[in-house]
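The block underneath contains the structure these notes are about, expressed in structure tokens.
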Amino acid sequence: MNRADFEQRDASDPVGHMRARFVMPEDVIYLDGNSLGALPKGVRERVDEVISAQWSQDLIRSWTKHGWIDLPRRVGNRIAALIGADPDTVVCGDTTSVNLYKAIGAALEMTGGQRILTDSSNFPTDVYVMSGLGEVTIVEPDAVIESIDASFDVIALTEIDYRTGRRHDMETITRAAHSVGALMVWDLAHSAGAFPVDLAGCGVDLAVGCGYKYLNGGPGAPAFLYVAPRHHEAFANPIRGWFGHAAPFDFRLDWEPVAGIDRAQVGTPHVLSMAALDAALDVFDEVELSDLRAKSVELTEGFIALVEKLVPEVELASPRDADLRGSQVSVRHPHGYAVMQALIERGVIGDFRAPDVMRFGFAPLYVRHVDVFDAVTHLREVLDEDAWQEPRFSRPSAVT
Ligand SMILES: *Cc1c(COP(=O)(O)O)cnc(C)c1O
């Protein structure tokens with residue numbers, strides 16, 4: 001396995017041309033698209049158009065003239081196509097945390113219960129949100145299936161473990177939830193845009209996800225919320241806002257939710273950032289998600305194989321079986337934080353999650369096979385040279 005082998009893989013990569021659709025700094029190997037996706041070309045122009053041609057010239061008329069009012073639905077439908085959801089079952093807007101609040105709140109209301117089951121690998125904000133709404137039981141990820149019983153009203157999980165990339169079996173767990181009469185809520189933060197998801201096929205009740213990771217919508221991009229069509233009627237948004245009202249511009253003081261998925265909206269859409277996400281989604285019109293998944297598996301397999309050969313002192317924290325893994329690979333090293341800072345200084349950008357996990361995300365739209373080879377080579381060098389031991393690499397930073 002030398003560099004030429006990886007160059008060869010790039011030469012025959014069916015989605016290799018997509019990298020040219022992104023703005024990429026020179027001398028950077030970007031392995032953090034699972035945290036903040038790269039900038040697709042065309043996003044800047046779209047946002048500039050919204051500011052310079054729409055906002056500045058057409059002012060408030062733009063809400064209808066330029067369809068600003070339809071953005072949450074229009075962008076929602078584009079995301080729906082990526083996650084196996086039917087048209088008009090997804091709205092774009094708010095943050096993942098806020099959408100989860102809506103999803104869990106509405107799910108508890110539908111079941112009339114209080115009890116939520118989640119696992120210890122879930123992202124903290126998800127657990128914080130649910131703990132403010134119901135009574136949460138936290139089990140180990142491997143114990144989820146056996147823990148599902150009729151005492152639970154809602155099962156709420158993140159498909160891909162943000163630390164290790166471990167993937168839950170969405171179909172099996174959703175079926176188990178339904179077999180005890182519980183509703184199933186999935187967080188697709190590390191799934192949407194990385195590989196095919198089949199919400200409708202798995203019978204999922206509600207789902208949320210993130211716009212700035214594999215969907216490349218930019219920092220703070222709006223998130224999304226899915227509600228299965230069979231629940232639209234019963235979906236009671238716990239945040240009643242005028243954009244979820246049947247007649248927002250009647251300015252009545254009584255609450256009447258609009259029919260359909262729009263009742264999952266709350267307030268004024270974030271037009272600038274939603275326009276950025278809308279433009280970012282254009283790249284997905286040019287690829288098949290199954291091709292992206294195939295490449296992602298090849299990238300992560302290649303990385304694992306090289307690390308095991310060249311860097312035996314780190315411990316693989318991700319599942320070895322690609323079927324059980326998302327689009328990232330994590331390894332443990334007792335000085336993972338400092339090692340990652342030294343890597344970042346060399347232009348290999350991954351990130352760190354306490355206490356000892358170095359994460360490498362492989363966004364298949366723009367990461368090349370040679371990046372895998374070069375990243376592992378840098379990791380070997382950083383460890384050989386003890387470069388990471390310089391004190392500046394151990395200083396904590398506000399964002400990791
Ligand atoms: C990234 C991520 C979030 C982020 O939530 P925000 O409210 O958008 O900050 C939430 N949940 C999971 C699982 C994530 O990976």
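Chain labels A, B, ... are given in the sequence in which chains occur in the structure tokens; within each chain residues are numbered consecutively from 1, and ligands are likewise numbered from 1 in the order shown.
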Please identify all polymer residues within 9 Å of Pro141 in chain A, counting only C-alpha atoms, omitting same-chain residues fewer than 4 positions from it, and present them as a count of residues only.
7
Residues flagged alpha helix (DSSP H) by DSSP in range 72-224 of chain A, as a PyMOL selection string:
chain A and resi 72-80+96-111+124-131+144-147+170-179+199-202
Contacts of chain A with ligand 1 up to 8 Å, shortest pair per row, only C-alpha atoms and all ligand atoms, as JSON lines:
```
{"residue": "A:Ser35", "atom": "CA", "partner": "ligand 1", "partner_atom_place_in_ligand_line": "1 (C)", "distance": 6.7}
{"residue": "A:Asp94", "atom": "CA", "partner": "ligand 1", "partner_atom_place_in_ligand_line": "8 (O)", "distance": 7.9}
{"residue": "A:Thr95", "atom": "CA", "partner": "ligand 1", "partner_atom_place_in_ligand_line": "8 (O)", "distance": 4.2}
{"residue": "A:Thr96", "atom": "CA", "partner": "ligand 1", "partner_atom_place_in_ligand_line": "7 (O)", "distance": 3.9}
{"residue": "A:Ser97", "atom": "CA", "partner": "ligand 1", "partner_atom_place_in_ligand_line": "7 (O)", "distance": 3.6}
{"residue": "A:Val98", "atom": "CA", "partner": "ligand 1", "partner_atom_place_in_ligand_line": "7 (O)", "distance": 6.3}
{"residue": "A:Asn99", "atom": "CA", "partner": "ligand 1", "partner_atom_place_in_ligand_line": "7 (O)", "distance": 7.9}
{"residue": "A:Asn122", "atom": "CA", "partner": "ligand 1", "partner_atom_place_in_ligand_line": "13 (C)", "distance": 6.4}
{"residue": "A:Phe123", "atom": "CA", "partner": "ligand 1", "partner_atom_place_in_ligand_line": "13 (C)", "distance": 4.6}
{"residue": "A:Pro124", "atom": "CA", "partner": "ligand 1", "partner_atom_place_in_ligand_line": "11 (N)", "distance": 7.5}
{"residue": "A:Thr125", "atom": "CA", "partner": "ligand 1", "partner_atom_place_in_ligand_line": "10 (C)", "distance": 6.0}
{"residue": "A:Asp126", "atom": "CA", "partner": "ligand 1", "partner_atom_place_in_ligand_line": "11 (N)", "distance": 5.7}
{"residue": "A:Thr158", "atom": "CA", "partner": "ligand 1", "partner_atom_place_in_ligand_line": "13 (C)", "distance": 5.5}
{"residue": "A:Ile160", "atom": "CA", "partner": "ligand 1", "partner_atom_place_in_ligand_line": "13 (C)", "distance": 7.7}
{"residue": "A:Asp161", "atom": "CA", "partner": "ligand 1", "partner_atom_place_in_ligand_line": "13 (C)", "distance": 7.5}
{"residue": "A:Tyr162", "atom": "CA", "partner": "ligand 1", "partner_atom_place_in_ligand_line": "15 (O)", "distance": 5.8}
{"residue": "A:Asp187", "atom": "CA", "partner": "ligand 1", "partner_atom_place_in_ligand_line": "13 (C)", "distance": 5.9}
{"residue": "A:Leu188", "atom": "CA", "partner": "ligand 1", "partner_atom_place_in_ligand_line": "13 (C)", "distance": 7.0}
{"residue": "A:Ala189", "atom": "CA", "partner": "ligand 1", "partner_atom_place_in_ligand_line": "15 (O)", "distance": 4.6}
{"residue": "A:His190", "atom": "CA", "partner": "ligand 1", "partner_atom_place_in_ligand_line": "15 (O)", "distance": 5.9}
{"residue": "A:Gly209", "atom": "CA", "partner": "ligand 1", "partner_atom_place_in_ligand_line": "11 (N)", "distance": 7.3}
{"residue": "A:Cys210", "atom": "CA", "partner": "ligand 1", "partner_atom_place_in_ligand_line": "8 (O)", "distance": 5.9}
{"residue": "A:Gly211", "atom": "CA", "partner": "ligand 1", "partner_atom_place_in_ligand_line": "8 (O)", "distance": 7.8}
{"residue": "A:Lys213", "atom": "CA", "partner": "ligand 1", "partner_atom_place_in_ligand_line": "1 (C)", "distance": 7.2}
{"residue": "A:Gly220", "atom": "CA", "partner": "ligand 1", "partner_atom_place_in_ligand_line": "8 (O)", "distance": 7.0}
{"residue": "A:Ala221", "atom": "CA", "partner": "ligand 1", "partner_atom_place_in_ligand_line": "8 (O)", "distance": 7.9}
{"residue": "A:Pro222", "atom": "CA", "partner": "ligand 1", "partner_atom_place_in_ligand_line": "8 (O)", "distance": 7.5}
{"residue": "A:Ala223", "atom": "CA", "partner": "ligand 1", "partner_atom_place_in_ligand_line": "8 (O)", "distance": 6.4}
```
Using backbone DSSP assignments, extract all strand (DSSP E) residues from range 158-227 of chain A; output them as a tab-separated table (two decimals) with N, CA and C atoms, in the first residue's frame.
```tsv
chain	number	residue	atom	x	y	z
A	158	THR	N	-29.28	8.68	18.22
A	158	THR	CA	-28.55	9.21	17.07
A	158	THR	C	-27.98	8.02	16.32
A	183	LEU	N	-42.83	5.28	20.13
A	183	LEU	CA	-42.49	6.01	18.91
A	183	LEU	C	-40.97	6.12	18.80
A	184	MET	N	-40.49	6.17	17.56
A	184	MET	CA	-39.05	6.17	17.32
A	184	MET	C	-38.60	7.51	16.73
A	185	VAL	N	-37.63	8.13	17.40
A	185	VAL	CA	-37.07	9.41	16.93
A	185	VAL	C	-35.59	9.21	16.64
A	186	TRP	N	-35.16	9.48	15.42
A	186	TRP	CA	-33.75	9.36	15.06
A	186	TRP	C	-33.13	10.72	14.81
A	187	ASP	N	-31.88	10.88	15.26
A	187	ASP	CA	-31.07	12.05	14.91
A	187	ASP	C	-30.10	11.62	13.81
A	206	LEU	N	-40.29	10.05	13.66
A	206	LEU	CA	-39.80	11.42	13.59
A	206	LEU	C	-38.28	11.39	13.49
A	207	ALA	N	-37.72	12.41	12.85
A	207	ALA	CA	-36.26	12.47	12.75
A	207	ALA	C	-35.83	13.92	12.65
A	208	VAL	N	-34.60	14.15	13.08
A	208	VAL	CA	-34.00	15.49	12.97
A	208	VAL	C	-32.61	15.32	12.37
A	209	GLY	N	-32.02	16.42	11.94
A	209	GLY	CA	-30.65	16.35	11.43
A	209	GLY	C	-30.08	17.73	11.24
A	224	PHE	N	-33.05	20.31	10.21
A	224	PHE	CA	-34.32	19.87	9.61
A	224	PHE	C	-35.07	18.92	10.55
A	225	LEU	N	-36.36	18.81	10.26
A	225	LEU	CA	-37.24	17.95	11.07
A	225	LEU	C	-38.13	17.15	10.13
A	226	TYR	N	-38.19	15.85	10.35
A	226	TYR	CA	-39.05	14.95	9.59
A	226	TYR	C	-40.19	14.46	10.47
A	227	VAL	N	-41.40	14.49	9.93
A	227	VAL	CA	-42.55	13.88	10.61
A	227	VAL	C	-43.21	12.94	9.61
```
Record the distance separating CA of Pro87 in chain A and CA of Leu157 in chain A, expressed in Å with one decimal.
23.6 Å
For Pro391 in chain A, which of A:Val271, A:Ala338, A:Asp356, A:Met1 is the closest residue, counting only C-alpha atoms?
A:Ala338
